[in-house]
Amino acid sequence: PIREFIRQGIPKKKFVFVIQVCQDDFLICKSYPSTFVVPRVKGNLPRMLKESASCRYKNRLPALTFYNKDTKANMFRCAQPYMTFSKQDKDMNYLYELSTENNLKIIDCRSTLQHCHYDSMKDHFDISRYGLKNIQEVRHAFEHVEIVQDEEELFKPILSAVYDAEHHMKKGHHVLVLCHSGVDQTAIVCALTKFLLDPYYQTQEGYQCLFEMDFMAFAHPIGTRSFHSRKNKCQTSPIITLFLICTLELMKQRGLTLDWFEKVAWCMLSTIYQENEIYKFIVNSPFESFIGHQNCGKSAFIHMDDDSQRWKNRKGCDYHMIIEKEMGSLFQPTTPFF
């Protein structure tokens, strides 16, 4: 992520690169990159970060994922807070630091069943709740696609959250995106918002960087969600497929024609569902890679052009039917994908 944040042009006077020491088992958050970015604060930063992390699910405190150099607005991401009275003040102190210069807009992506214990913040921050489907609901929707009355049922709430975040970022307001674990709906909304705001992410290189940063570096559990986990099937969910569907819908609504998208999307899906090839795509977090998966292959994107015939003849692949079934009838781009 360091190189990408430098490309975004973050001002060094306003931000700090937090380096987590591997020898100490990633001191603050095991599911965050070894180096992530937070804004400078007036108080004791290390203590404030640890206190904020202790208030969030799996220590996933608010961290920077995008800096809009045109409007100087920041986008942060995190997991839901543990809203106990003993920890609420510590969490609020850090959120106030995030919103010192600009208004802080909170995009709450959790399902409606998970909004409890968050009402106390609505008097201090502008909070919009979108009730996005959780991983079980997304999996159920794909498994029973024939009973879904409207295909927009899945992606319309997501795009509403994305457009809201885009609107506030363009106005110069800081945005904080959160969901239950901070790795599923949060990753989709953050990535798609960046896709709209920065033309770089509408290039093949940029889109690959977008996926590797918002999903891989921030520990979306690709291995677990993509049916590689046989022991915990209740945690499987086609989140990556949903992300691609939403990207296609944004392209359609914004009139974008990206010739490279088909190849990149197929590379992502085929690698995720093909179990006899081990790439970084199936590692659930940077920490997991550090402790036992150092020998996993490089990102599948670098192999994408090794054998162009592989993509041309993709219909003959064993995993084609798996992906086709997974995508169901929801995947209906303006140009044929298969």
# chains A, B, ... in the order shown; residues from 1 in each chain; ligands from 1
>>> select_by_dssp(residues="stretch 175-211 of chain A", states="alpha helix (DSSP H)", output="ChimeraX atom specification")
/A:185-197,204-211
>>> select_by_dssp(residues="stretch 19-229 of chain A", states="strand (DSSP E)", output="MDAnalysis selection string")
chainID A and resid 19 35:39 63:68 73:79 104:108 126:129 174:179
>>> atom_distance(atom1="atom CA of A:Ile222", atom2="atom CA of A:Lys156")
23.2 Å
>>> residues_around(residues="A:Phe36", least_positions_apart="2", cutoff="7 Å", atoms="only C-alpha atoms", output="PyMOL selection string")
chain A and resi 17-19+33-34+38+63
>>> write_last_selection(atoms="C-alpha atoms", output="compact mmCIF listing (two decimals), in the first residue's frame")
# COMPACT_ATOMS: atom_id res chain seq x y z
CA PHE A 17 2.78 5.58 8.19
CA VAL A 18 2.19 3.06 10.96
CA ILE A 19 4.65 0.17 10.71
CA PRO A 33 -1.15 -4.51 6.27
CA SER A 34 2.25 -4.38 7.93
CA VAL A 38 -3.55 7.19 9.82
CA ALA A 63 -7.37 3.55 8.69
>>> closest_residue(among="A:Gln208, A:Ser237, A:Met251, A:Leu64", to="A:Val264", atoms="only C-alpha atoms")
A:Gln208
>>> closest_residue(among="A:Glu51, A:Glu249, A:Ser99, A:Pro1", to="A:Phe211", atoms="only C-alpha atoms")
A:Pro1
>>> closest_residue(among="A:Phe218, A:Tyr207, A:Phe142, A:Tyr163", to="A:Leu242", atoms="only C-alpha atoms")
A:Phe142
>>> closest_residue(among="A:Arg129, A:Arg3, A:His174, A:His167", to="A:Pro62", atoms="only C-alpha atoms")
A:His174
>>> closest_residue(among="A:Leu256, A:Ile10, A:Leu196, A:Ile240", to="A:Ile135", atoms="only C-alpha atoms")
A:Ile240
>>> residues_around(residues="A:Pro238", least_positions_apart="5", cutoff="8 Å", atoms="only C-alpha atoms", output="count of residues only")
6
>>> residues_around(residues="A:Arg110", least_positions_apart="6", cutoff="6 Å", atoms="only C-alpha atoms", output="PyMOL selection string")
chain A and resi 131-132+179-180
>>> closest_residue(among="A:Thr35, A:Thr193, A:Gln20, A:Ser160", to="A:Phe66", atoms="only C-alpha atoms")
A:Thr193
>>> atom_distance(atom1="atom CA of A:Ser52", atom2="atom CA of A:Tyr94")
6.5 Å
>>> atom_distance(atom1="atom CA of A:Lys72", atom2="atom CA of A:Val175")
11.5 Å
>>> residues_around(residues="A:Asn59", least_positions_apart="4", cutoff="6 Å", atoms="only C-alpha atoms", output="PyMOL selection string")
chain A and resi 29+53-54
>>> residues_around(residues="A:Leu197", least_positions_apart="3", cutoff="8 Å", atoms="only C-alpha atoms", output="list in words")
Asn68, Glu166, Thr193 and Lys194 of chain A
